[in-house]
>>> print(open('input.txt').read())   # compact mmCIF, C-alpha atoms
# COMPACT_ATOMS: atom_id res chain seq x y z
CA MET V 7 55.24 24.33 -48.67
CA VAL V 8 53.16 27.41 -47.94
CA ASN V 9 49.36 27.42 -48.07
CA ALA V 10 48.59 23.76 -48.63
CA PRO V 11 45.07 23.11 -49.91
CA PRO V 12 42.24 22.69 -47.39
CA VAL V 13 41.75 19.12 -46.24
CA VAL V 14 39.74 17.33 -43.56
CA TYR V 15 40.89 13.92 -42.34
CA PRO V 16 39.09 11.46 -40.05
CA VAL V 17 40.67 10.56 -36.72
CA GLY V 18 39.79 7.22 -35.18
CA ARG V 19 40.86 5.33 -32.12
CA PHE V 20 44.52 4.25 -31.93
CA ALA V 21 43.90 0.57 -31.24
CA VAL V 22 47.57 -0.36 -31.12
CA GLY V 23 48.25 2.17 -28.34
CA ARG V 24 46.97 -0.12 -25.58
CA ILE V 25 49.05 -2.99 -26.94
CA PHE V 26 52.14 -0.74 -26.85
CA LEU V 27 51.36 0.23 -23.26
CA LEU V 28 50.97 -3.41 -22.21
CA ALA V 29 54.18 -4.38 -24.04
CA ILE V 30 56.15 -1.61 -22.33
CA CYS V 31 54.75 -2.57 -18.92
CA GLY V 32 55.58 -6.23 -19.58
CA LEU V 33 59.14 -5.48 -20.74
CA SER V 34 59.77 -3.22 -17.77
CA ALA V 35 58.50 -5.98 -15.42
CA VAL V 36 60.94 -8.39 -17.08
CA GLY V 37 63.66 -5.80 -16.46
CA MET V 38 62.65 -5.60 -12.80
CA VAL V 39 62.83 -9.40 -12.43
CA ASN V 40 66.23 -9.37 -14.15
CA TRP V 41 67.45 -6.67 -11.74
CA GLN V 42 66.15 -8.69 -8.81
CA ILE V 43 67.93 -11.88 -9.95
CA GLN V 44 71.24 -10.24 -10.90
CA THR V 45 71.65 -8.13 -7.77
CA LEU V 46 70.05 -10.61 -5.36
CA VAL V 47 68.27 -7.67 -3.79
CA SER V 48 65.74 -8.39 -1.06
CA GLY V 49 63.80 -6.67 1.67
CA PRO V 50 62.94 -2.96 1.53
CA LYS V 51 64.94 -2.26 -1.66
CA LEU V 52 63.04 -4.98 -3.51
CA TRP V 53 59.65 -3.75 -2.32
CA ALA V 54 60.57 -0.13 -3.06
CA GLY V 55 61.58 -1.09 -6.61
CA TRP V 56 58.35 -2.97 -7.27
CA LEU V 57 56.30 -0.19 -5.67
CA MET V 58 57.98 2.33 -7.97
CA TRP V 59 57.31 0.09 -10.99
CA ALA V 60 53.64 -0.34 -10.02
CA THR V 61 53.24 3.42 -9.50
CA CYS V 62 54.72 4.19 -12.91
CA ALA V 63 52.68 1.50 -14.68
CA LEU V 64 49.44 2.63 -13.02
CA SER V 65 50.16 6.30 -13.78
CA ALA V 66 50.81 5.48 -17.43
CA ALA V 67 47.65 3.37 -17.64
CA LEU V 68 45.57 6.23 -16.22
CA TRP V 69 47.30 8.96 -18.24
CA ALA V 70 47.40 7.30 -21.67
CA PRO V 71 43.65 7.24 -22.47
CA ARG V 72 43.31 10.94 -21.65
CA GLN V 73 46.01 11.85 -24.16
CA ALA V 74 44.25 10.51 -27.25
CA LEU V 75 41.66 12.40 -29.28
CA THR V 76 38.23 10.87 -29.60
CA HIS V 77 36.55 10.17 -32.94
CA GLY V 78 36.24 13.23 -35.10
CA ARG V 79 37.93 15.11 -37.89
CA LEU V 80 41.13 17.09 -38.01
CA GLY V 81 41.14 19.73 -40.69
CA TRP V 82 43.29 22.36 -42.35
CA SER V 83 41.36 25.32 -43.77
CA GLY V 84 44.28 26.54 -45.85
CA GLU V 85 45.21 28.97 -43.08
CA ALA V 86 44.55 27.26 -39.75
CA TRP V 87 44.02 23.86 -38.14
CA PHE V 88 40.70 22.91 -36.56
CA TRP V 89 39.21 19.93 -34.74
CA GLN V 90 35.60 18.74 -35.07
CA ALA V 91 34.72 16.30 -32.31
CA ASP V 92 31.52 15.16 -34.00
CA ALA V 93 31.39 15.02 -37.81
CA ASP V 94 27.69 15.98 -37.84
CA THR V 95 28.00 19.12 -35.70
CA VAL V 96 29.72 22.16 -37.20
CA ASP V 97 29.30 24.07 -33.91
CA SER V 98 31.84 21.85 -32.18
CA THR V 99 34.78 23.22 -34.20
CA GLN V 100 37.87 24.10 -32.11
CA ALA V 101 41.00 25.86 -33.37
CA VAL V 102 44.08 23.76 -32.65
CA ALA V 103 47.84 23.79 -33.08
CA VAL V 104 49.33 20.69 -34.71
CA SER V 105 52.88 19.36 -34.60
CA VAL V 106 54.38 16.10 -35.84
CA GLY V 107 55.49 13.55 -33.26
CA LEU V 108 56.29 10.68 -35.64
CA ASP V 109 55.98 10.23 -39.39
CA THR V 110 56.21 6.69 -40.77
CA GLY V 111 55.05 7.56 -44.28
CA GLN V 112 51.86 5.52 -43.89
CA GLY V 113 51.00 6.91 -40.47
CA LEU V 114 51.36 10.14 -38.51
CA LEU V 115 51.45 10.69 -34.77
CA LEU V 116 50.36 14.28 -34.28
CA TRP V 117 50.37 16.39 -31.14
CA VAL V 118 47.25 18.54 -31.02
CA GLN V 119 46.67 21.42 -28.61
CA PRO V 120 43.55 23.63 -28.39
CA LEU V 121 43.93 27.36 -29.05
CA ASP V 122 42.09 30.27 -27.46
CA GLU V 123 40.50 33.17 -29.40
CA ARG V 124 43.86 34.97 -29.64
CA GLY V 125 45.62 31.91 -31.08
CA ARG V 126 47.54 30.99 -27.94
CA ALA V 127 47.86 27.38 -26.84
CA GLN V 128 45.66 26.39 -23.93
CA GLY V 129 44.83 23.13 -22.24
CA LEU V 130 46.53 19.78 -22.53
CA ARG V 131 48.31 18.55 -25.61
CA THR V 132 46.71 15.36 -26.91
CA SER V 133 47.81 12.87 -29.52
CA ALA V 134 46.18 11.69 -32.71
CA TRP V 135 47.30 8.72 -34.79
CA LEU V 136 46.31 8.98 -38.44
CA GLN V 137 46.83 6.32 -41.08
CA SER V 138 46.80 6.57 -44.84
CA GLY V 139 44.22 3.78 -45.09
CA ALA V 140 41.47 5.96 -43.54
CA MET V 141 41.26 8.12 -46.70
CA PRO V 142 43.98 7.20 -49.20
CA SER V 143 42.87 9.83 -51.73
CA LYS V 144 43.45 12.68 -49.24
CA TRP V 145 46.59 11.35 -47.53
CA HIS V 146 49.10 13.27 -49.67
CA GLY V 147 47.19 16.54 -49.26
CA PHE V 148 46.93 16.02 -45.52
CA ARG V 149 50.67 15.37 -45.17
CA CYS V 150 51.38 18.49 -47.22
CA ALA V 151 49.16 20.49 -44.87
CA VAL V 152 50.89 19.06 -41.79
CA TYR V 153 54.28 20.19 -43.06
CA SER V 154 53.13 23.53 -44.50
CA ARG V 155 53.84 26.76 -42.69
CA PRO V 156 50.95 28.80 -41.35
CA LYS V 157 50.22 32.12 -43.01
CA THR V 158 52.07 35.09 -41.54
CA MET V 159 49.78 37.72 -40.11
CA ALA V 160 50.83 41.34 -39.58
CA LEU V 161 50.37 42.79 -36.11
CA SER V 162 49.03 46.31 -35.61
CA ASP V 163 52.54 47.63 -34.82
CA GLY V 164 53.95 46.34 -38.13
CA ARG V 165 55.70 43.21 -36.85
CA SER V 166 54.81 39.85 -38.34
CA GLN V 167 53.45 36.94 -36.35
CA GLU V 168 53.14 33.30 -37.38
CA GLY V 169 49.49 32.40 -37.80
CA VAL V 170 47.98 29.18 -36.59
>>> encode(input="input.txt", output="structure tokens")
Amino acid sequence: MVNAPPVVYPVGRFAVGRIFLLAICGLSAVGMVNWQIQTLVSGPKLWAGWLMWATCALSAALWAPRQALTHGRLGWSGEAWFWQADADTVDSTQAVAVSVGLDTGQGLLLWVQPLDERGRAQGLRTSAWLQSGAMPSKWHGFRCAVYSRPKTMALSDGRSQEGV
């Protein structure tokens, strides 16, 4: 679909994300215990394995909260994506690039990356989890916008460039 209608959709906190992180850490710890029992490993190998597990779990726990967008609104103007961190402040609008990470039909995991003035990606890519229940009346339009292609803009030398 080209040129989906403009839509703005609220983005809230992904409450299940922390539960997923804890579940993955718990399952990996069970895997470590299973490895320890099956191989009868002991001494430095055992401590190195648990140190590696703890390092990975701690890194994930520190990294995960930084990867999620805060409360705000993600919008499609009909030509470009934008992010508004605070719904009351129009000045806080940031151009962003959006790509789909997971689509469950009732929920979307989107990867969002800020853009500079020239439309190039800059900064870290963050994630946003959106659910149809936040605004059911706009869900279809939002999904159409996510899968629509950006407008093609002509460069000064006559070549075409995908817009954002």
>>> closest_residue(input="input.txt", among="V:Ala134, V:Val47, V:Ala103, V:Leu116", to="Val17 of chain V", atoms="all atoms listed in the file")
V:Ala134
>>> atom_distance(input="input.txt", atom1="atom CA of Gln137 of chain V", atom2="atom CA of Gln119 of chain V")
19.6 Å
>>> closest_residue(input="input.txt", among="V:Cys150, V:Ala91, V:Met38, V:Leu136", to="Leu108 of chain V", atoms="all atoms listed in the file")
V:Leu136
>>> closest_residue(input="input.txt", among="V:Thr61, V:His77, V:Glu123, V:Ala66", to="Arg24 of chain V", atoms="all atoms listed in the file")
V:Ala66
>>> residues_around(input="input.txt", residues="segment 41-45 of chain V", least_positions_apart="6", cutoff="10 Å", atoms="all atoms listed in the file", output="list in words")
Ala35, Lys51, Leu52, Gly55 and Trp56 of chain V
>>> residues_around(input="input.txt", residues="Gly107 of chain V", least_positions_apart="5", cutoff="9 Å", atoms="all atoms listed in the file", output="ChimeraX atom specification")
/V:114-117,133
>>> atom_distance(input="input.txt", atom1="atom CA of Trp89 of chain V", atom2="atom CA of Ser154 of chain V")
17.4 Å
>>> closest_residue(input="input.txt", among="V:Trp82, V:Gly139, V:Ala29, V:Thr132", to="Trp69 of chain V", atoms="all atoms listed in the file")
V:Thr132
>>> residues_near_point(input="input.txt", point="(40.7, 11.9, -45.1)", cutoff="10 Å", atoms="only C-alpha atoms", output="MDAnalysis selection string")
chainID V and resid 13:17 79:81 136:148
>>> residues_around(input="input.txt", residues="Gln100 of chain V", least_positions_apart="4", cutoff="8 Å", atoms="all atoms listed in the file", output="list in words")
Phe88, Trp89, Gln90, Pro120 and Leu121 of chain V
